[in-house]
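S.K.: Below is final39.txt; it holds compact mmCIF, C-alpha atoms and all ligand atoms.
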# COMPACT_ATOMS: atom_id res chain seq x y z
CA MET C 21 0.00 0.00 0.00
CA LYS C 22 1.15 3.56 -0.71
CA THR C 23 -0.07 6.63 1.16
CA GLN C 24 1.12 10.11 2.14
CA VAL C 25 1.01 9.70 5.93
CA CYS C 26 1.04 6.41 7.81
CA ILE C 27 -0.42 6.94 11.30
CA ILE C 28 0.45 4.41 13.99
CA GLY C 29 -2.13 4.09 16.78
CA ALA C 30 -5.91 4.65 16.75
CA GLY C 31 -6.23 6.33 20.15
CA PRO C 32 -7.51 9.90 20.26
CA ALA C 33 -4.29 11.32 18.75
CA GLY C 34 -4.17 8.96 15.77
CA LEU C 35 -7.88 9.17 14.96
CA LEU C 36 -8.00 12.97 15.29
CA LEU C 37 -4.96 13.34 13.05
CA GLY C 38 -6.40 10.93 10.49
CA HIS C 39 -9.68 12.84 10.30
CA LEU C 40 -7.97 16.25 10.09
CA LEU C 41 -5.68 15.10 7.27
CA LYS C 42 -8.54 13.44 5.37
CA ALA C 43 -10.63 16.63 5.70
CA GLU C 44 -7.80 18.53 3.95
CA GLY C 45 -7.40 15.92 1.22
CA VAL C 46 -4.17 14.42 2.56
CA ASP C 47 -4.07 10.67 2.05
CA CYS C 48 -3.44 8.57 5.16
CA VAL C 49 -4.02 5.23 6.85
CA VAL C 50 -4.18 4.37 10.57
CA LEU C 51 -2.66 1.15 11.93
CA GLU C 52 -3.86 -0.07 15.36
CA GLN C 53 -2.63 -3.16 17.14
CA ARG C 54 -5.81 -3.77 19.17
CA ASP C 55 -9.44 -4.34 18.18
CA PRO C 56 -12.02 -1.50 18.40
CA ASP C 57 -13.67 -2.86 21.58
CA TYR C 58 -10.38 -2.95 23.42
CA VAL C 59 -9.60 0.66 22.42
CA LEU C 60 -13.09 1.77 23.55
CA GLY C 61 -12.84 -0.18 26.80
CA ARG C 62 -10.02 1.94 28.20
CA ILE C 63 -11.47 4.40 30.71
CA ARG C 64 -9.16 7.39 30.80
CA ALA C 65 -9.53 11.15 30.56
CA GLY C 66 -12.78 12.97 31.29
CA VAL C 67 -12.21 16.71 30.91
CA LEU C 68 -11.87 18.41 27.52
CA GLU C 69 -10.25 21.78 26.93
CA ASN C 70 -11.11 24.18 24.16
CA ILE C 71 -8.47 22.83 21.81
CA THR C 72 -10.00 19.34 21.84
CA VAL C 73 -13.56 20.64 21.53
CA SER C 74 -12.59 23.02 18.71
CA LEU C 75 -10.95 20.23 16.70
CA MET C 76 -14.16 18.16 17.02
CA GLU C 77 -16.12 21.27 15.92
CA ARG C 78 -13.81 21.79 12.94
CA LEU C 79 -14.47 18.19 11.90
CA GLY C 80 -18.22 18.61 12.38
CA LEU C 81 -18.12 15.77 14.90
CA ASP C 82 -19.19 17.75 17.97
CA ALA C 83 -22.95 17.06 17.92
CA ARG C 84 -22.95 14.32 20.58
CA LEU C 85 -20.32 16.14 22.63
CA LYS C 86 -22.54 19.24 22.75
CA ALA C 87 -25.70 17.21 23.41
CA GLU C 88 -24.36 14.85 26.07
CA GLY C 89 -21.23 16.58 27.40
CA LEU C 90 -21.39 18.80 30.48
CA PRO C 91 -19.93 22.31 30.19
CA GLU C 92 -18.20 23.26 33.45
CA ASP C 93 -17.87 26.84 34.73
CA GLY C 94 -15.57 26.05 37.63
CA PHE C 95 -13.85 23.41 39.71
CA ASN C 96 -12.80 23.10 43.36
CA LEU C 97 -9.69 22.51 45.41
CA ALA C 98 -10.51 20.95 48.79
CA ASP C 99 -8.18 21.10 51.77
CA GLY C 100 -9.63 19.46 54.86
CA GLU C 101 -13.06 21.05 55.30
CA ARG C 102 -12.30 24.06 53.10
CA LEU C 103 -13.46 24.22 49.48
CA ILE C 104 -11.73 26.74 47.20
CA ARG C 105 -13.72 27.33 44.02
CA ILE C 106 -11.83 28.33 40.88
CA PRO C 107 -14.45 30.12 38.75
CA ILE C 108 -12.86 29.39 35.39
CA ARG C 109 -15.59 30.89 33.23
CA GLU C 110 -15.81 34.12 35.21
CA LEU C 111 -12.02 34.48 35.16
CA THR C 112 -11.23 33.42 31.59
CA GLY C 113 -14.53 33.55 29.70
CA GLN C 114 -13.96 29.89 28.84
CA GLN C 115 -15.34 26.56 29.99
CA VAL C 116 -14.13 22.98 29.97
CA TRP C 117 -16.32 20.04 28.96
CA VAL C 118 -16.89 16.80 30.84
CA TYR C 119 -16.99 14.21 28.06
CA GLY C 120 -15.11 10.93 28.33
CA GLN C 121 -12.15 9.96 26.19
CA THR C 122 -14.11 6.81 25.34
CA GLU C 123 -16.89 8.94 23.82
CA ILE C 124 -14.48 11.10 21.78
CA THR C 125 -12.82 7.93 20.50
CA LYS C 126 -16.20 6.41 19.65
CA ASP C 127 -17.30 9.53 17.75
CA LEU C 128 -14.05 9.52 15.75
CA MET C 129 -14.24 5.76 15.15
CA ASP C 130 -17.88 5.83 14.02
CA ALA C 131 -17.23 8.66 11.55
CA ALA C 132 -14.19 6.99 9.96
CA PRO C 133 -15.97 4.80 7.34
CA GLU C 134 -18.24 7.58 6.03
CA ARG C 135 -15.27 9.93 5.68
CA GLY C 136 -13.09 7.37 3.95
CA LEU C 137 -10.57 7.20 6.81
CA GLU C 138 -9.07 3.73 6.68
CA VAL C 139 -8.29 2.29 10.12
CA ILE C 140 -6.69 -1.15 10.14
CA TYR C 141 -7.28 -2.81 13.52
CA GLU C 142 -5.38 -5.84 14.85
CA ALA C 143 -2.25 -4.87 12.92
CA GLU C 144 0.43 -6.96 14.63
CA GLY C 145 4.17 -6.40 14.83
CA VAL C 146 4.06 -2.83 13.49
CA ALA C 147 7.64 -1.73 12.67
CA LEU C 148 9.01 1.57 11.34
CA HIS C 149 11.75 1.64 8.69
CA ASP C 150 14.02 4.30 7.15
CA VAL C 151 12.58 7.19 9.19
CA ASP C 152 15.77 9.14 8.38
CA SER C 153 14.90 9.09 4.69
CA ASP C 154 12.24 10.77 2.51
CA ALA C 155 10.74 7.36 1.77
CA PRO C 156 10.01 5.66 5.09
CA TYR C 157 7.81 2.60 5.33
CA VAL C 158 5.94 0.61 7.92
CA THR C 159 5.51 -3.16 8.07
CA TYR C 160 2.93 -5.18 10.00
CA THR C 161 1.13 -8.49 9.96
CA LYS C 162 -2.62 -8.76 9.46
CA ASP C 163 -4.44 -12.11 9.50
CA GLY C 164 -1.09 -13.85 9.22
CA ALA C 165 0.00 -11.96 6.09
CA GLN C 166 2.94 -9.53 6.10
CA GLN C 167 1.98 -6.04 4.85
CA ARG C 168 3.95 -2.92 3.90
CA VAL C 169 2.88 0.74 3.80
CA ASP C 170 5.11 3.13 1.82
CA CYS C 171 4.63 6.77 2.74
CA ARG C 172 6.23 10.23 2.90
CA PHE C 173 5.71 10.70 6.66
CA ILE C 174 5.00 8.48 9.64
CA ALA C 175 2.96 9.89 12.55
CA GLY C 176 3.73 8.01 15.77
CA CYS C 177 0.49 8.24 17.77
CA ASP C 178 1.01 4.90 19.50
CA GLY C 179 1.09 5.95 23.13
CA TYR C 180 3.77 5.53 25.76
CA HIS C 181 4.48 1.85 24.99
CA GLY C 182 4.34 1.99 21.18
CA PRO C 183 7.27 1.41 18.81
CA SER C 184 7.47 4.89 17.22
CA ARG C 185 9.57 6.66 19.86
CA GLN C 186 12.05 3.77 19.76
CA ALA C 187 12.64 4.49 16.05
CA VAL C 188 14.44 7.72 16.97
CA PRO C 189 18.15 6.91 17.36
CA ALA C 190 19.41 7.02 20.97
CA SER C 191 22.10 9.51 19.91
CA VAL C 192 19.36 12.00 18.98
CA GLY C 193 16.61 11.46 21.55
CA GLN C 194 16.59 12.90 25.06
CA VAL C 195 14.32 11.81 27.91
CA PHE C 196 13.14 14.03 30.80
CA GLU C 197 11.32 12.04 33.43
CA ARG C 198 9.90 12.05 36.93
CA VAL C 199 8.18 9.00 38.37
CA TYR C 200 5.84 9.65 41.32
CA PRO C 201 5.61 7.33 44.33
CA PHE C 202 1.87 6.71 43.88
CA GLY C 203 -0.82 5.86 41.38
CA TRP C 204 -4.48 6.85 41.00
CA LEU C 205 -7.04 4.20 41.84
CA GLY C 206 -10.13 5.08 39.79
CA ILE C 207 -13.71 3.87 40.03
CA LEU C 208 -16.48 4.40 37.47
CA ALA C 209 -20.04 3.85 38.71
CA ASP C 210 -23.57 4.54 37.52
CA VAL C 211 -24.47 6.88 40.37
CA PRO C 212 -25.13 10.65 40.30
CA PRO C 213 -22.04 12.81 41.00
CA CYS C 214 -21.64 14.14 44.55
CA ASN C 215 -21.12 17.67 43.19
CA HIS C 216 -21.90 19.34 39.85
CA GLU C 217 -18.29 20.58 39.63
CA LEU C 218 -15.07 18.59 40.05
CA ILE C 219 -13.39 18.47 43.46
CA TYR C 220 -9.64 17.85 43.78
CA ALA C 221 -8.93 17.13 47.47
CA ASN C 222 -5.70 17.16 49.48
CA HIS C 223 -6.51 15.27 52.69
CA GLU C 224 -4.07 14.04 55.33
CA ARG C 225 -4.83 10.50 54.17
CA GLY C 226 -4.01 11.46 50.58
CA PHE C 227 -5.43 12.81 47.33
CA ALA C 228 -8.99 12.33 46.07
CA LEU C 229 -10.85 13.51 42.99
CA ALA C 230 -14.60 13.62 42.46
CA SER C 231 -15.41 13.75 38.75
CA MET C 232 -18.18 12.54 36.48
CA ARG C 233 -19.13 11.45 33.01
CA SER C 234 -22.79 12.54 33.09
CA HIS C 235 -25.58 13.37 35.57
CA THR C 236 -25.90 9.65 36.25
CA ARG C 237 -22.33 8.39 35.95
CA SER C 238 -19.50 9.28 38.36
CA ARG C 239 -15.75 8.90 38.21
CA TYR C 240 -13.73 9.06 41.42
CA TYR C 241 -10.04 8.61 42.22
CA VAL C 242 -7.82 8.26 45.31
CA ASP C 243 -4.07 8.09 45.24
CA VAL C 244 -2.51 4.85 46.51
CA ALA C 245 1.04 3.59 47.02
CA LEU C 246 2.42 1.78 43.98
CA THR C 247 2.57 -1.41 46.04
CA GLU C 248 -1.24 -1.48 46.45
CA LYS C 249 -3.22 -4.15 44.58
CA LEU C 250 -6.69 -3.70 43.08
CA GLU C 251 -7.97 -6.78 44.91
CA ASP C 252 -7.21 -5.03 48.23
CA TRP C 253 -9.74 -2.33 47.29
CA PRO C 254 -13.25 -3.79 47.28
CA ASP C 255 -15.83 -1.15 46.32
CA GLU C 256 -16.92 -0.44 49.93
CA ARG C 257 -13.38 0.27 51.08
CA LEU C 258 -12.90 2.69 48.20
CA TRP C 259 -16.22 4.50 48.88
CA ASP C 260 -15.29 4.79 52.58
CA GLU C 261 -11.91 6.27 51.69
CA LEU C 262 -13.44 8.72 49.20
CA ALA C 263 -15.97 9.88 51.79
CA ILE C 264 -13.17 10.66 54.26
CA ARG C 265 -10.81 12.36 51.81
CA LEU C 266 -13.41 14.45 49.96
CA GLY C 267 -14.75 15.94 53.18
CA PRO C 268 -18.13 15.92 54.94
CA ASP C 269 -20.19 17.94 52.41
CA ALA C 270 -19.18 15.82 49.43
CA ALA C 271 -19.54 12.65 51.52
CA ALA C 272 -23.09 13.61 52.49
CA ASN C 273 -24.01 13.89 48.78
CA MET C 274 -22.10 10.83 47.60
CA THR C 275 -24.15 7.94 46.23
CA ARG C 276 -22.39 4.59 46.34
CA GLY C 277 -22.78 1.90 43.72
CA PRO C 278 -21.02 -1.08 42.18
CA ALA C 279 -17.92 -0.36 40.09
CA ILE C 280 -18.33 -0.61 36.31
CA GLU C 281 -14.57 -0.21 36.06
CA LYS C 282 -11.76 0.03 38.57
CA SER C 283 -8.07 0.42 37.78
CA ILE C 284 -4.79 1.82 39.07
CA ALA C 285 -2.75 4.18 36.84
CA PRO C 286 0.80 5.10 37.90
CA LEU C 287 1.73 8.81 37.78
CA ARG C 288 4.59 9.99 35.64
CA SER C 289 5.97 13.15 34.07
CA PHE C 290 7.83 12.32 30.86
CA VAL C 291 9.01 14.30 27.85
CA PHE C 292 10.89 12.94 24.86
CA THR C 293 12.67 15.36 22.55
CA PRO C 294 12.73 16.01 19.64
CA MET C 295 9.14 15.30 18.64
CA ARG C 296 10.21 15.03 14.99
CA HIS C 297 13.10 13.07 13.57
CA GLY C 298 13.50 12.84 9.79
CA SER C 299 10.14 11.75 8.40
CA LEU C 300 8.72 10.71 11.79
CA LEU C 301 6.46 12.99 13.87
CA LEU C 302 5.49 11.94 17.41
CA CYS C 303 2.12 13.02 18.85
CA GLY C 304 0.46 12.52 22.25
CA ASP C 305 1.57 9.95 24.81
CA ALA C 306 4.17 8.62 22.37
CA ALA C 307 6.18 11.76 23.16
CA HIS C 308 5.04 12.81 26.63
CA ILE C 309 3.14 11.83 29.76
CA VAL C 310 1.72 14.16 32.39
CA PRO C 311 0.41 13.18 35.81
CA PRO C 312 -3.40 13.36 35.47
CA THR C 313 -3.94 16.06 38.11
CA GLY C 314 -4.33 18.86 35.55
CA ALA C 315 -6.53 16.80 33.16
CA LYS C 316 -4.02 17.55 30.40
CA GLY C 317 -3.03 14.17 28.82
CA LEU C 318 -5.71 13.89 26.17
CA ASN C 319 -5.82 17.64 25.56
CA LEU C 320 -2.09 17.75 24.97
CA ALA C 321 -2.44 14.95 22.44
CA ALA C 322 -5.04 17.14 20.69
CA SER C 323 -2.77 20.20 20.59
CA ASP C 324 0.10 18.11 19.16
CA VAL C 325 -2.26 16.89 16.47
CA HIS C 326 -3.32 20.46 15.75
CA TYR C 327 0.33 21.42 15.07
CA ALA C 328 1.17 18.18 13.24
CA SER C 329 -1.84 18.34 10.92
CA ALA C 330 -1.12 22.00 10.09
CA ALA C 331 2.51 21.14 9.27
CA LEU C 332 1.60 18.11 7.13
CA VAL C 333 -1.12 20.01 5.27
CA ALA C 334 1.35 22.88 4.63
CA TYR C 335 3.80 20.32 3.23
CA PHE C 336 1.39 18.51 0.92
CA LYS C 337 -0.82 21.42 -0.11
CA GLY C 338 1.62 24.34 0.08
CA GLY C 339 4.97 22.64 -0.60
CA ASP C 340 6.25 24.03 2.69
CA ALA C 341 8.92 21.67 4.06
CA ASP C 342 9.88 24.08 6.86
CA ALA C 343 6.50 23.59 8.54
CA VAL C 344 7.32 19.95 9.30
CA ALA C 345 10.83 20.91 10.42
CA GLY C 346 9.28 23.37 12.88
CA TYR C 347 6.74 20.94 14.35
CA SER C 348 8.83 19.75 17.30
CA ALA C 349 9.69 23.22 18.63
CA LYS C 350 6.08 24.44 18.31
CA ALA C 351 4.56 21.40 19.97
CA LEU C 352 7.17 21.24 22.74
CA ALA C 353 6.63 24.85 23.80
CA ARG C 354 3.07 23.94 24.80
CA VAL C 355 4.05 20.50 26.11
CA TRP C 356 6.45 22.05 28.63
CA GLN C 357 3.78 24.46 29.86
CA CYS C 358 1.34 21.60 30.42
CA GLU C 359 4.07 19.53 32.11
CA ARG C 360 4.75 22.46 34.44
CA PHE C 361 1.09 22.96 35.35
CA SER C 362 0.42 19.24 35.86
CA TRP C 363 3.52 18.87 38.03
CA GLN C 364 2.65 21.94 40.14
CA LEU C 365 -0.93 20.85 40.72
CA THR C 366 0.28 17.34 41.55
CA LYS C 367 2.74 18.74 44.11
CA LEU C 368 0.07 20.99 45.62
CA MET C 369 -2.64 18.33 45.96
CA HIS C 370 -0.75 15.15 46.97
CA ARG C 371 1.02 14.07 50.19
CA PHE C 372 4.46 12.85 49.14
CA PRO C 373 6.00 10.21 51.42
CA GLU C 374 9.29 12.16 51.59
CA ASP C 375 7.59 15.44 52.60
CA GLY C 376 7.75 16.74 56.16
CA PRO C 377 5.98 19.54 58.09
CA PHE C 378 7.69 22.28 56.07
CA GLU C 379 6.44 20.98 52.73
CA ARG C 380 2.94 20.61 54.18
CA ALA C 381 3.08 24.18 55.52
CA MET C 382 4.01 25.34 52.02
CA GLN C 383 0.96 23.54 50.59
CA VAL C 384 -1.31 25.23 53.17
CA ALA C 385 0.28 28.62 52.49
CA GLU C 386 -0.21 28.19 48.76
CA LEU C 387 -3.83 27.10 49.17
CA ASP C 388 -4.42 30.11 51.49
CA TYR C 389 -2.95 32.36 48.82
CA ILE C 390 -5.10 30.82 46.09
CA ALA C 391 -8.20 31.13 48.29
CA GLY C 392 -7.59 34.86 48.78
CA SER C 393 -6.14 35.98 45.48
CA ARG C 394 -8.02 36.46 42.25
CA ALA C 395 -4.66 36.70 40.46
CA ALA C 396 -3.62 33.27 41.78
CA GLN C 397 -6.98 31.82 40.76
CA LEU C 398 -6.60 33.32 37.28
CA VAL C 399 -3.22 31.61 36.87
CA ILE C 400 -4.80 28.25 37.69
CA ALA C 401 -7.92 28.93 35.60
CA GLU C 402 -6.08 29.93 32.42
CA ASN C 403 -3.93 26.83 32.61
CA TYR C 404 -6.89 24.56 33.40
CA VAL C 405 -8.99 25.74 30.44
CA GLY C 406 -5.88 25.39 28.27
CA LEU C 407 -3.22 27.81 27.10
CA PRO C 408 -3.67 29.14 23.56
CA VAL C 409 -2.33 27.06 20.67
P1 LIG F 1 -3.26 6.34 23.55
O1 LIG F 1 -4.62 6.68 24.00
O2 LIG F 1 -2.40 5.52 24.45
O3 LIG F 1 -3.41 5.61 22.16
C1 LIG F 1 -2.33 4.96 21.52
C2 LIG F 1 -2.87 3.88 20.63
O4 LIG F 1 -1.77 3.28 19.96
C3 LIG F 1 -3.58 2.79 21.39
O5 LIG F 1 -4.85 2.53 20.81
C4 LIG F 1 -2.63 1.62 21.29
O6 LIG F 1 -3.32 0.37 21.30
C5 LIG F 1 -1.96 1.90 19.97
N1 LIG F 1 -0.68 1.21 19.84
C6 LIG F 1 0.25 1.00 20.80
N2 LIG F 1 1.26 0.26 20.34
C7 LIG F 1 0.98 0.00 19.05
C8 LIG F 1 1.62 -0.76 18.04
N3 LIG F 1 2.74 -1.43 18.30
N4 LIG F 1 1.04 -0.84 16.82
C9 LIG F 1 -0.14 -0.21 16.56
N5 LIG F 1 -0.82 0.51 17.49
C10 LIG F 1 -0.27 0.60 18.73
N6 LIG F 1 -5.51 11.76 30.99
C11 LIG F 1 -6.32 12.62 31.55
O7 LIG F 1 -6.34 13.78 31.12
N7 LIG F 1 -7.13 12.21 32.58
C12 LIG F 1 -7.15 10.91 33.04
O8 LIG F 1 -7.90 10.56 33.94
C13 LIG F 1 -6.30 9.98 32.47
N8 LIG F 1 -6.26 8.69 32.90
C14 LIG F 1 -5.39 7.82 32.31
C15 LIG F 1 -5.31 6.50 32.74
C16 LIG F 1 -4.40 5.60 32.16
C17 LIG F 1 -4.33 4.16 32.64
C18 LIG F 1 -3.55 6.06 31.13
C19 LIG F 1 -2.54 5.11 30.51
C20 LIG F 1 -3.63 7.38 30.70
C21 LIG F 1 -4.55 8.26 31.27
N9 LIG F 1 -4.67 9.59 30.84
C22 LIG F 1 -5.49 10.46 31.42
C23 LIG F 1 -3.90 10.10 29.76
C24 LIG F 1 -4.71 10.12 28.47
O9 LIG F 1 -5.61 9.04 28.45
C25 LIG F 1 -3.72 10.04 27.35
O10 LIG F 1 -2.91 11.21 27.42
C26 LIG F 1 -4.35 9.91 25.99
O11 LIG F 1 -4.94 8.65 25.85
C27 LIG F 1 -3.30 10.10 24.90
O12 LIG F 1 -3.81 9.71 23.67
P2 LIG F 1 -2.87 9.04 22.59
O13 LIG F 1 -3.73 8.83 21.40
O14 LIG F 1 -1.62 9.82 22.47
O15 LIG F 1 -2.41 7.64 23.22
C1 LIG F 2 -10.77 13.12 35.28
C2 LIG F 2 -9.46 12.77 35.22
C3 LIG F 2 -8.50 13.70 35.52
O1 LIG F 2 -7.21 13.37 35.44
C4 LIG F 2 -8.81 14.98 35.91
O2 LIG F 2 -7.83 15.85 36.24
C5 LIG F 2 -10.13 15.33 35.97
C6 LIG F 2 -11.11 14.40 35.65
C7 LIG F 2 -11.81 12.12 34.95
O3 LIG F 2 -11.45 10.99 34.63
O4 LIG F 2 -12.99 12.46 35.02
Give the structure from the file, written as structure tokens.

M.R.:
Amino acid sequence: MKTQVCIIGAGPAGLLLGHLLKAEGVDCVVLEQRDPDYVLGRIRAGVLENITVSLMERLGLDARLKAEGLPEDGFNLADGERLIRIPIRELTGQQVWVYGQTEITKDLMDAAPERGLEVIYEAEGVALHDVDSDAPYVTYTKDGAQQRVDCRFIAGCDGYHGPSRQAVPASVGQVFERVYPFGWLGILADVPPCNHELIYANHERGFALASMRSHTRSRYYVDVALTEKLEDWPDERLWDELAIRLGPDAAANMTRGPAIEKSIAPLRSFVFTPMRHGSLLLCGDAAHIVPPTGAKGLNLAASDVHYASAALVAYFKGGDADAVAGYSAKALARVWQCERFSWQLTKLMHRFPEDGPFERAMQVAELDYIAGSRAAQLVIAENYVGLPV
């Protein structure tokens, strides 16, 4: 097969990029190692920034998002019994949308056939070749038969564990990383949310987050040591812990129910540079990971795709080779800002095992400052709704 752009990975980054390129008449194909149900079964992000919503709007795929998603005007930081509201709409004029990553992925998946976007699922053993050249190619196996895709560019949208990043020579690539000493234990349940706005809580027993997917479906998290096992967290224990950490008001409004999904995700900050090497462009988790505290992972994948699609369209439609050369620097400028915000909010809202009374006093002082300063709230709000692309 011959195409202009071979996209590896059909998560949100790969599918968004595929649709954006197709809409501009750039030929592409998406290779995904899993089957569609597996991809849709992964419960991940829940909060969409403007950039993600605007890309869905540009594609004309925002109808369900607007009908079923929940626009949010603010969110809350809880510290013991205190609730500090960050009025994001009042401060920035912008909102965020509660709409699950699963739903975005489903909307993009469902629209692929009618828009002629070819997505090849269950592509095994995907391997990248000659990324240094102007004629790279990708090989994979489908139904036992070896296949080859010749292309001008490869877009590595294959997440943290995919093969694309490994195709950049070690002499060129640089890794920046911080691994955190805890993970988030998440529960999804068909119960009404305890609050109409998100609550991020820093309690002496640890972090908790009250989030939602709809008026009838809730998503909650607590942080746990990396040594903890899912089987040690039956639903009742998790609900009890959430009730303590989120504080009495949230606890009083919390409806318990059986878990539809429960999982532990480790926290990591990770950046790989450059995000382009030769004919390979990396987008999303393939190039960077943020701890989930700022709700940035999926949205950062969307902003990468915004820059990557613009560069590829400029190359194929405008003959502008410099646009692709400039992709890494443009994308990384925003990546570093999101890394900074996610890291700061993680430090503010979690109890680190190595921290002592001084570090805790600094958290309290910072939360006091945020509670009393519109300027401090604006800083948080403008980062939370998403910095401009
Ligand atoms: P992915 O969604 O990882 O998609 C990559 C795709 O590439 C996958 O479909 C994968 O199967 C495919 N792939 C991998 N290897 C190959 C291969 N060899 N060949 C072909 N295809 C391949 N962010 C938030 O904002 N909030 C959250 O609550 C949150 N929770 C998360 C929980 C977990 C467990 C994880 C891992 C991430 C979470 N994130 C969260 C981050 C967010 O989900 C990601 O940033 C987002 O999914 C990035 O999208 P992506 O398309 O870059 O990568
Ligand atoms: C959700 C996840 C996040 O990481 C976050 O910061 C807010 C909400 C969620 O899954 O709903």

S.K.: As a VMD selection string, please: every protein or nucleic acid residue near ligand LIG 2 (chain F) (cut-off 7 Å, counting all atoms listed in the file).

M.R.: chain C and resid 64 to 67 231 to 233 239 312 to 315

S.K.: Tell me, as a PDB file with C-alpha atoms, keeping the file's coordinate frame, which residues lie within 10 Å of Gly61 in chain C, counting all atoms listed in the file; anything in the same chain fewer than 5 positions away does not count.

M.R.:
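File around-v7.pdb, as written:
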ATOM      1  CA  PRO C  56     -12.020  -1.500  18.400  1.00  0.00           C
ATOM      2  CA  THR C 122     -14.110   6.810  25.340  1.00  0.00           C
ATOM      3  CA  GLU C 281     -14.570  -0.210  36.060  1.00  0.00           C
TER       4      GLU C 281
END

S.K.: Using only C-alpha atoms and all ligand atoms, find the one residue out of C:Ile63, C:Leu41, C:Val244, C:Met129 that sits nearest to ligand LIG 1 (chain F).

M.R.: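 Counting only C-alpha atoms and all ligand atoms, the residue closest to ligand LIG 1 (chain F) is C:Ile63.
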
S.K.: Could you list, as a ChimeraX atom specification, every residue within 12 Å of range 211-216 of chain C, counting all atoms listed in the file and ignoring same-chain residues fewer than 4 positions away?

M.R.: /C:90-96,103,118,207,220,229-240,259,262-263,266-280

S.K.: List all protein, DNA and RNA residues that have an atom no more than 6 Å from any atom of ligand LIG 1 (chain F), counting only C-alpha atoms and all ligand atoms, and report them as a JSON list (two decimals) with C-alpha atoms, in the frame of the given file.

M.R.:
[["chain", "number", "residue", "atom", "x", "y", "z"],
["C", 28, "ILE", "CA", 0.45, 4.41, 13.99],
["C", 29, "GLY", "CA", -2.13, 4.09, 16.78],
["C", 30, "ALA", "CA", -5.91, 4.65, 16.75],
["C", 31, "GLY", "CA", -6.23, 6.33, 20.15],
["C", 32, "PRO", "CA", -7.51, 9.90, 20.26],
["C", 33, "ALA", "CA", -4.29, 11.32, 18.75],
["C", 34, "GLY", "CA", -4.17, 8.96, 15.77],
["C", 51, "LEU", "CA", -2.66, 1.15, 11.93],
["C", 52, "GLU", "CA", -3.86, -0.07, 15.36],
["C", 53, "GLN", "CA", -2.63, -3.16, 17.14],
["C", 54, "ARG", "CA", -5.81, -3.77, 19.17],
["C", 59, "VAL", "CA", -9.60, 0.66, 22.42],
["C", 64, "ARG", "CA", -9.16, 7.39, 30.80],
["C", 65, "ALA", "CA", -9.53, 11.15, 30.56],
["C", 66, "GLY", "CA", -12.78, 12.97, 31.29],
["C", 146, "VAL", "CA", 4.06, -2.83, 13.49],
["C", 177, "CYS", "CA", 0.49, 8.24, 17.77],
["C", 178, "ASP", "CA", 1.01, 4.90, 19.50],
["C", 179, "GLY", "CA", 1.09, 5.95, 23.13],
["C", 181, "HIS", "CA", 4.48, 1.85, 24.99],
["C", 182, "GLY", "CA", 4.34, 1.99, 21.18],
["C", 183, "PRO", "CA", 7.27, 1.41, 18.81],
["C", 285, "ALA", "CA", -2.75, 4.18, 36.84],
["C", 304, "GLY", "CA", 0.46, 12.52, 22.25],
["C", 305, "ASP", "CA", 1.57, 9.95, 24.81],
["C", 306, "ALA", "CA", 4.17, 8.62, 22.37],
["C", 312, "PRO", "CA", -3.40, 13.36, 35.47],
["C", 315, "ALA", "CA", -6.53, 16.80, 33.16],
["C", 316, "LYS", "CA", -4.02, 17.55, 30.40],
["C", 317, "GLY", "CA", -3.03, 14.17, 28.82],
["C", 318, "LEU", "CA", -5.71, 13.89, 26.17],
["C", 321, "ALA", "CA", -2.44, 14.95, 22.44]]

S.K.: Return the single residue from C:Ala401, C:Leu250, C:Ile27, C:Val242 that is closest to Tyr157 in chain C, with distances computed using all atoms listed in the file.

M.R.: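 Smallest separation from Tyr157 in chain C among the options: C:Ile27.
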
S.K.: Using only C-alpha atoms, find each residue in range 166-266 of chain C having at least one atom no more than 10 Å away from range 288-298 of chain C; report its shortest atom-to-atom pair and that distance in Å (one decimal), rows by chain then rising number, as CSV.

M.R.:
residue,atom,partner,partner_atom,distance
C:Phe173,CA,C:Gly298,CA,8.7
C:Ile174,CA,C:Gly298,CA,9.6
C:Ala175,CA,C:Arg296,CA,9.2
C:Gly176,CA,C:Met295,CA,9.5
C:Tyr180,CA,C:Phe290,CA,9.4
C:Arg185,CA,C:Phe292,CA,8.1
C:Ala187,CA,C:His297,CA,8.9
C:Val188,CA,C:His297,CA,6.5
C:Pro189,CA,C:His297,CA,8.8
C:Val192,CA,C:Pro294,CA,7.8
C:Gly193,CA,C:Thr293,CA,5.6
C:Gln194,CA,C:Thr293,CA,5.3
C:Val195,CA,C:Phe292,CA,4.7
C:Phe196,CA,C:Val291,CA,5.1
C:Glu197,CA,C:Phe290,CA,4.3
C:Arg198,CA,C:Ser289,CA,5.0
C:Val199,CA,C:Arg288,CA,4.6
C:Tyr200,CA,C:Arg288,CA,5.8
C:Pro201,CA,C:Arg288,CA,9.1
C:Phe202,CA,C:Arg288,CA,9.3
C:Gly203,CA,C:Arg288,CA,8.9
